[in-house]
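The next block is target09.cif, given as mmCIF, C-alpha atoms.
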data_final
#
loop_
_atom_site.group_PDB
_atom_site.id
_atom_site.type_symbol
_atom_site.label_atom_id
_atom_site.label_comp_id
_atom_site.auth_asym_id
_atom_site.auth_seq_id
_atom_site.Cartn_x
_atom_site.Cartn_y
_atom_site.Cartn_z
ATOM 1 C CA MET A 1 -229.252 -11.116 -22.027
ATOM 2 C CA THR A 2 -226.770 -8.892 -20.192
ATOM 3 C CA GLY A 3 -223.318 -8.865 -21.733
ATOM 4 C CA ASN A 4 -224.370 -10.165 -25.143
ATOM 5 C CA PHE A 5 -223.598 -6.855 -26.777
ATOM 6 C CA ASP A 6 -219.991 -7.113 -25.731
ATOM 7 C CA LYS A 7 -219.782 -10.134 -28.028
ATOM 8 C CA TYR A 8 -221.993 -9.191 -31.008
ATOM 9 C CA LYS A 9 -222.135 -6.454 -33.647
ATOM 10 C CA MET A 10 -225.893 -6.592 -34.141
ATOM 11 C CA ALA A 11 -229.260 -7.943 -33.087
ATOM 12 C CA VAL A 12 -232.487 -8.364 -35.017
ATOM 13 C CA ILE A 13 -235.904 -8.509 -33.401
ATOM 14 C CA CYS A 14 -237.885 -10.663 -35.790
ATOM 15 C CA GLY A 15 -241.162 -9.489 -37.250
ATOM 16 C CA PRO A 16 -244.484 -11.282 -37.619
ATOM 17 C CA ASP A 17 -243.524 -13.145 -40.791
ATOM 18 C CA ASP A 18 -240.651 -14.895 -39.023
ATOM 19 C CA GLU A 19 -240.487 -15.741 -35.314
ATOM 20 C CA ASP A 20 -242.316 -12.701 -33.989
ATOM 21 C CA GLY A 21 -240.395 -11.042 -31.168
ATOM 22 C CA LEU A 22 -237.405 -13.400 -31.256
ATOM 23 C CA ILE A 23 -234.108 -11.583 -30.661
ATOM 24 C CA ARG A 24 -231.307 -12.907 -32.869
ATOM 25 C CA PHE A 25 -227.809 -11.835 -31.895
ATOM 26 C CA PHE A 26 -225.438 -11.997 -34.845
ATOM 27 C CA GLY A 27 -221.872 -11.162 -35.777
ATOM 28 C CA GLU A 28 -219.312 -11.939 -33.131
ATOM 29 C CA VAL A 29 -216.985 -8.977 -32.687
ATOM 30 C CA ASP A 30 -213.925 -11.217 -33.096
ATOM 31 C CA GLU A 31 -215.190 -12.245 -36.524
ATOM 32 C CA TYR A 32 -216.378 -8.903 -37.975
ATOM 33 C CA ARG A 33 -214.758 -5.518 -38.167
ATOM 34 C CA TYR A 34 -217.593 -3.708 -39.980
ATOM 35 C CA HIS A 35 -221.359 -3.798 -39.545
ATOM 36 C CA LEU A 36 -221.824 -3.971 -43.321
ATOM 37 C CA GLU A 37 -220.136 -7.368 -43.629
ATOM 38 C CA CYS A 38 -222.102 -8.628 -40.641
ATOM 39 C CA LEU A 39 -225.382 -7.408 -42.194
ATOM 40 C CA LYS A 40 -224.559 -9.097 -45.504
ATOM 41 C CA ASP A 41 -223.859 -12.402 -43.751
ATOM 42 C CA TYR A 42 -227.053 -12.078 -41.740
ATOM 43 C CA LEU A 43 -229.027 -11.551 -44.938
ATOM 44 C CA TYR A 44 -227.402 -14.575 -46.599
ATOM 45 C CA THR A 45 -227.951 -16.701 -43.478
ATOM 46 C CA TYR A 46 -231.632 -15.940 -42.915
ATOM 47 C CA TYR A 47 -232.843 -14.598 -46.282
ATOM 48 C CA ASN A 48 -230.550 -16.217 -48.845
ATOM 49 C CA ASP A 49 -232.922 -15.866 -51.818
ATOM 50 C CA LEU A 50 -233.416 -12.163 -51.145
ATOM 51 C CA ALA A 51 -229.668 -11.609 -50.665
ATOM 52 C CA LYS A 52 -228.986 -13.141 -54.085
ATOM 53 C CA GLN A 53 -231.874 -11.284 -55.720
ATOM 54 C CA ILE A 54 -230.708 -7.839 -54.539
ATOM 55 C CA GLY A 55 -227.002 -8.566 -55.015
ATOM 56 C CA ALA A 56 -226.114 -8.059 -51.363
ATOM 57 C CA ASP A 57 -222.387 -8.445 -52.043
ATOM 58 C CA ASP A 58 -222.479 -5.239 -54.113
ATOM 59 C CA LEU A 59 -224.229 -3.091 -51.485
ATOM 60 C CA ARG A 60 -222.015 -0.413 -49.964
ATOM 61 C CA ASN A 61 -223.732 0.871 -46.812
ATOM 62 C CA ASN A 62 -225.660 -0.499 -43.847
ATOM 63 C CA GLU A 63 -228.956 1.172 -44.711
ATOM 64 C CA GLU A 64 -229.082 -0.553 -48.120
ATOM 65 C CA ILE A 65 -229.528 -3.851 -46.271
ATOM 66 C CA ILE A 66 -231.441 -2.580 -43.254
ATOM 67 C CA ILE A 67 -234.198 -1.128 -45.456
ATOM 68 C CA TYR A 68 -234.955 -4.672 -46.686
ATOM 69 C CA LEU A 69 -234.892 -6.115 -43.162
ATOM 70 C CA ASN A 70 -237.227 -3.339 -41.978
ATOM 71 C CA ALA A 71 -239.550 -3.918 -44.954
ATOM 72 C CA MET A 72 -239.958 -7.507 -43.721
ATOM 73 C CA GLY A 73 -240.951 -6.154 -40.302
ATOM 74 C CA ASN A 74 -237.628 -6.671 -38.517
ATOM 75 C CA ILE A 75 -236.165 -4.241 -35.994
ATOM 76 C CA VAL A 76 -232.384 -3.944 -36.425
ATOM 77 C CA TYR A 77 -229.917 -2.883 -33.726
ATOM 78 C CA LEU A 78 -226.268 -2.154 -34.547
ATOM 79 C CA HIS A 79 -223.943 -2.117 -31.568
ATOM 80 C CA SER A 80 -220.756 -0.059 -31.479
ATOM 81 C CA PRO A 81 -218.443 0.710 -28.576
ATOM 82 C CA GLY A 82 -220.161 3.486 -26.640
ATOM 83 C CA TYR A 83 -223.488 3.689 -28.507
ATOM 84 C CA GLY A 84 -226.096 1.803 -30.513
ATOM 85 C CA LEU A 85 -228.222 2.491 -33.584
ATOM 86 C CA LEU A 86 -231.779 1.202 -33.622
ATOM 87 C CA PHE A 87 -233.676 0.950 -36.924
ATOM 88 C CA ILE A 88 -237.426 0.601 -36.408
ATOM 89 C CA PRO A 89 -239.853 -0.157 -39.260
ATOM 90 C CA LYS A 90 -243.165 1.637 -39.679
ATOM 91 C CA GLU A 91 -245.179 -1.226 -38.201
ATOM 92 C CA VAL A 92 -244.205 -3.286 -35.175
ATOM 93 C CA THR A 93 -245.936 -5.955 -33.129
ATOM 94 C CA GLU A 94 -246.603 -6.143 -29.416
ATOM 95 C CA LYS A 95 -244.104 -9.024 -29.117
ATOM 96 C CA GLN A 96 -241.435 -6.938 -30.851
ATOM 97 C CA ILE A 97 -242.063 -4.053 -28.466
ATOM 98 C CA GLU A 98 -241.730 -6.392 -25.474
ATOM 99 C CA SER A 99 -238.435 -7.722 -26.856
ATOM 100 C CA LEU A 100 -237.253 -4.210 -27.647
ATOM 101 C CA TYR A 101 -237.754 -3.170 -24.012
ATOM 102 C CA LYS A 102 -235.986 -6.304 -22.737
ATOM 103 C CA MET A 103 -233.070 -5.638 -25.037
ATOM 104 C CA ALA A 104 -232.856 -1.910 -24.242
ATOM 105 C CA SER A 105 -232.944 -2.507 -20.500
ATOM 106 C CA SER A 106 -230.071 -4.990 -20.777
ATOM 107 C CA PHE A 107 -227.707 -2.254 -21.926
ATOM 108 C CA SER A 108 -229.225 0.775 -20.205
ATOM 109 C CA LYS A 109 -225.874 2.594 -19.952
ATOM 110 C CA THR A 110 -225.263 2.480 -23.720
ATOM 111 C CA PRO A 111 -226.868 5.469 -25.480
ATOM 112 C CA ILE A 112 -229.197 4.523 -28.333
ATOM 113 C CA TYR A 113 -230.153 6.536 -31.383
ATOM 114 C CA ILE A 114 -233.315 5.646 -33.303
ATOM 115 C CA ASP A 115 -233.844 5.798 -37.056
ATOM 116 C CA TYR A 116 -237.543 5.374 -37.727
ATOM 117 C CA TYR A 117 -238.993 4.126 -41.023
ATOM 118 C CA LEU A 118 -236.278 4.060 -43.676
ATOM 119 C CA THR A 119 -237.496 5.034 -47.156
ATOM 120 C CA ARG A 120 -235.918 5.662 -50.550
ATOM 121 C CA LYS A 121 -236.048 9.273 -51.737
ATOM 122 C CA HIS A 122 -234.167 10.738 -54.663
ATOM 123 C CA GLY A 123 -231.778 7.800 -54.816
ATOM 124 C CA LYS A 124 -230.958 7.960 -51.106
ATOM 125 C CA ILE A 125 -232.156 6.004 -48.100
ATOM 126 C CA LEU A 126 -233.426 8.312 -45.390
ATOM 127 C CA ALA A 127 -235.176 7.880 -42.066
ATOM 128 C CA GLN A 128 -238.565 9.544 -41.703
ATOM 129 C CA GLU A 129 -237.409 10.560 -38.250
ATOM 130 C CA ILE A 130 -234.192 10.354 -36.236
ATOM 131 C CA VAL A 131 -234.308 10.381 -32.445
ATOM 132 C CA ASP A 132 -231.104 11.420 -30.722
ATOM 133 C CA TYR A 133 -230.051 10.071 -27.370
ATOM 134 C CA ASP A 134 -231.231 12.173 -24.447
ATOM 135 C CA ASP A 135 -228.479 12.346 -21.838
ATOM 136 C CA GLY A 136 -230.899 12.418 -18.917
ATOM 137 C CA LEU A 137 -232.928 9.351 -19.876
ATOM 138 C CA GLU A 138 -232.509 5.596 -19.623
ATOM 139 C CA ASN A 139 -232.948 3.680 -22.886
ATOM 140 C CA THR A 140 -236.372 2.420 -21.839
ATOM 141 C CA GLU A 141 -237.438 6.030 -21.217
ATOM 142 C CA VAL A 142 -236.185 7.008 -24.688
ATOM 143 C CA LEU A 143 -238.303 4.176 -26.103
ATOM 144 C CA ASP A 144 -241.321 5.295 -24.047
ATOM 145 C CA ARG A 145 -241.018 8.828 -25.350
ATOM 146 C CA PHE A 146 -240.540 7.646 -28.936
ATOM 147 C CA LEU A 147 -243.321 5.037 -29.020
ATOM 148 C CA ASN A 148 -245.819 7.249 -27.203
ATOM 149 C CA SER A 149 -245.205 10.129 -29.606
ATOM 150 C CA LYS A 150 -245.902 8.023 -32.681
ATOM 151 C CA PRO A 151 -249.619 7.394 -33.054
ATOM 152 C CA TYR A 152 -248.887 6.284 -36.610
ATOM 153 C CA ILE A 153 -246.776 3.336 -35.467
ATOM 154 C CA ARG A 154 -249.286 0.611 -35.999
ATOM 155 C CA LYS A 155 -248.989 -2.507 -33.961
ATOM 156 C CA ARG A 156 -249.846 -5.527 -36.099
#

What is this file in structure tokens?
Amino acid sequence: MTGNFDKYKMAVICGPDDEDGLIRFFGEVDEYRYHLECLKDYLYTYYNDLAKQIGADDLRNNEEIIIYLNAMGNIVYLHSPGYGLLFIPKEVTEKQIESLYKMASSFSKTPIYIDYYLTRKHGKILAQEIVDYDDGLENTEVLDRFLNSKPYIRKR
């Protein structure tokens, strides 16, 4: 798994309704400039009916797509040069957590920021909690701290 993030814009750790725990890398960096276009193509590739239903082509920011992916139980990781954004739904499975640790340990030098449980409030999409990168911790330690502090993250 090492080096994959040099080639891809995003990864999705599938939820229980798909291939639980499977990590799908998507969006080769040579092909996509923006995460939004990559997310739209991912939605059309794996959830075509949903993409058409919500009018994915008209969506204007990453979170407008990620909220749907999270609602289906998927964990979404967006990779950028120098950092990564991790979007975790309210409920995750044991297999997803295992895959999340494998993925995070494969790019331990890249700081990750976590947006937990995206919801719609007052016409905006907001995370219930945002966890900033801690300069003194490895990514797996950031995950440990986050997952251990969330008794309300239910594992399906």

Evaluate the PyMOL selection byres ((chain A and resi 107-116) around 6) and report residues as a list in words: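 Evaluating the PyMOL selection byres ((chain A and resi 107-116) around 6) on this file yields Gly82, Tyr83, Gly84, Leu85, Leu86, Phe87, Ile88, Ala104, Ser105, Ser106, Tyr117, Ala127, Gln128, Glu129, Ile130, Val131, Asp132, Tyr133, Glu138 and Asn139 of chain A.
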
Best match for closeness to Leu100 in chain A among A:Ile75, A:Ile65, A:Val142, A:Val29, counting only C-alpha atoms: A:Ile75

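Distance check against Met103 in chain A using all atoms listed in the file: of A:Gly21, A:Gly27, A:Gly73, A:Gly123, the minimum falls on A:Gly21.
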
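For Ser99 in chain A, the non-local neighbours within 12 Å, defined as residues at least 4 positions apart in the same chain or in other chains and counting all atoms listed in the file, are Met1, Ala11, Val12, Ile13, Cys14, Gly15, Glu19, Asp20, Gly21, Leu22, Ile23, Arg24, Asn74, Ile75, Val76, Tyr77, Val92, Thr93, Glu94, Lys95, Met103, Ala104, Ser105, Ser106, Thr140 and Leu143 of chain A.
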
Requested write-out: C-alpha atoms of the selected residues, as an mmCIF file, in the coordinates of the input:
data_model
loop_
_atom_site.group_PDB
_atom_site.id
_atom_site.type_symbol
_atom_site.label_atom_id
_atom_site.label_comp_id
_atom_site.auth_asym_id
_atom_site.auth_seq_id
_atom_site.Cartn_x
_atom_site.Cartn_y
_atom_site.Cartn_z
ATOM 1 C CA MET A 1 -229.252 -11.116 -22.027
ATOM 2 C CA ALA A 11 -229.260 -7.943 -33.087
ATOM 3 C CA VAL A 12 -232.487 -8.364 -35.017
ATOM 4 C CA ILE A 13 -235.904 -8.509 -33.401
ATOM 5 C CA CYS A 14 -237.885 -10.663 -35.790
ATOM 6 C CA GLY A 15 -241.162 -9.489 -37.250
ATOM 7 C CA GLU A 19 -240.487 -15.741 -35.314
ATOM 8 C CA ASP A 20 -242.316 -12.701 -33.989
ATOM 9 C CA GLY A 21 -240.395 -11.042 -31.168
ATOM 10 C CA LEU A 22 -237.405 -13.400 -31.256
ATOM 11 C CA ILE A 23 -234.108 -11.583 -30.661
ATOM 12 C CA ARG A 24 -231.307 -12.907 -32.869
ATOM 13 C CA ASN A 74 -237.628 -6.671 -38.517
ATOM 14 C CA ILE A 75 -236.165 -4.241 -35.994
ATOM 15 C CA VAL A 76 -232.384 -3.944 -36.425
ATOM 16 C CA TYR A 77 -229.917 -2.883 -33.726
ATOM 17 C CA VAL A 92 -244.205 -3.286 -35.175
ATOM 18 C CA THR A 93 -245.936 -5.955 -33.129
ATOM 19 C CA GLU A 94 -246.603 -6.143 -29.416
ATOM 20 C CA LYS A 95 -244.104 -9.024 -29.117
ATOM 21 C CA MET A 103 -233.070 -5.638 -25.037
ATOM 22 C CA ALA A 104 -232.856 -1.910 -24.242
ATOM 23 C CA SER A 105 -232.944 -2.507 -20.500
ATOM 24 C CA SER A 106 -230.071 -4.990 -20.777
ATOM 25 C CA THR A 140 -236.372 2.420 -21.839
ATOM 26 C CA LEU A 143 -238.303 4.176 -26.103
#

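Atom pair CA of Lys9 in chain A / CA of Tyr32 in chain A: separated by 7.6 Å.
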
Interatomic distance (Å, one decimal) between CA of Tyr44 in chain A and CA of His122 in chain A: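 The value is 27.4 Å.
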
One-decimal distance in Å that lies between CA of Asp144 in chain A and CA of Glu98 in chain A: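 Distance between the two atoms: 11.8 Å.
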
What are the centre and edge lengths in Å, to one decimal, of the axis-aligned box around all listed atoms of range 99-102 of chain A with 4 Å added on each side, as AutoDock Vina command-line options?
--center_x -237.2 --center_y -5.4 --center_z -25.2 --size_x 10.4 --size_y 12.6 --size_z 12.9

Option closest in space to Cys38 in chain A, from A:Met10, A:Asp17, A:Glu63, A:Lys52 [counting all atoms listed in the file]: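 Ranked by minimum distance to Cys38 in chain A, first place goes to A:Met10.
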
Shell around Ala51 in chain A at 10 Å using all atoms listed in the file, local window under 3 positions removed, as a list in words: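 Using all atoms listed in the file, the neighbours found are Lys40, Asp41, Tyr42, Leu43, Tyr44, Thr45, Tyr46, Tyr47, Asn48, Ile54, Gly55, Ala56, Asp57, Ile65 and Tyr68 of chain A.
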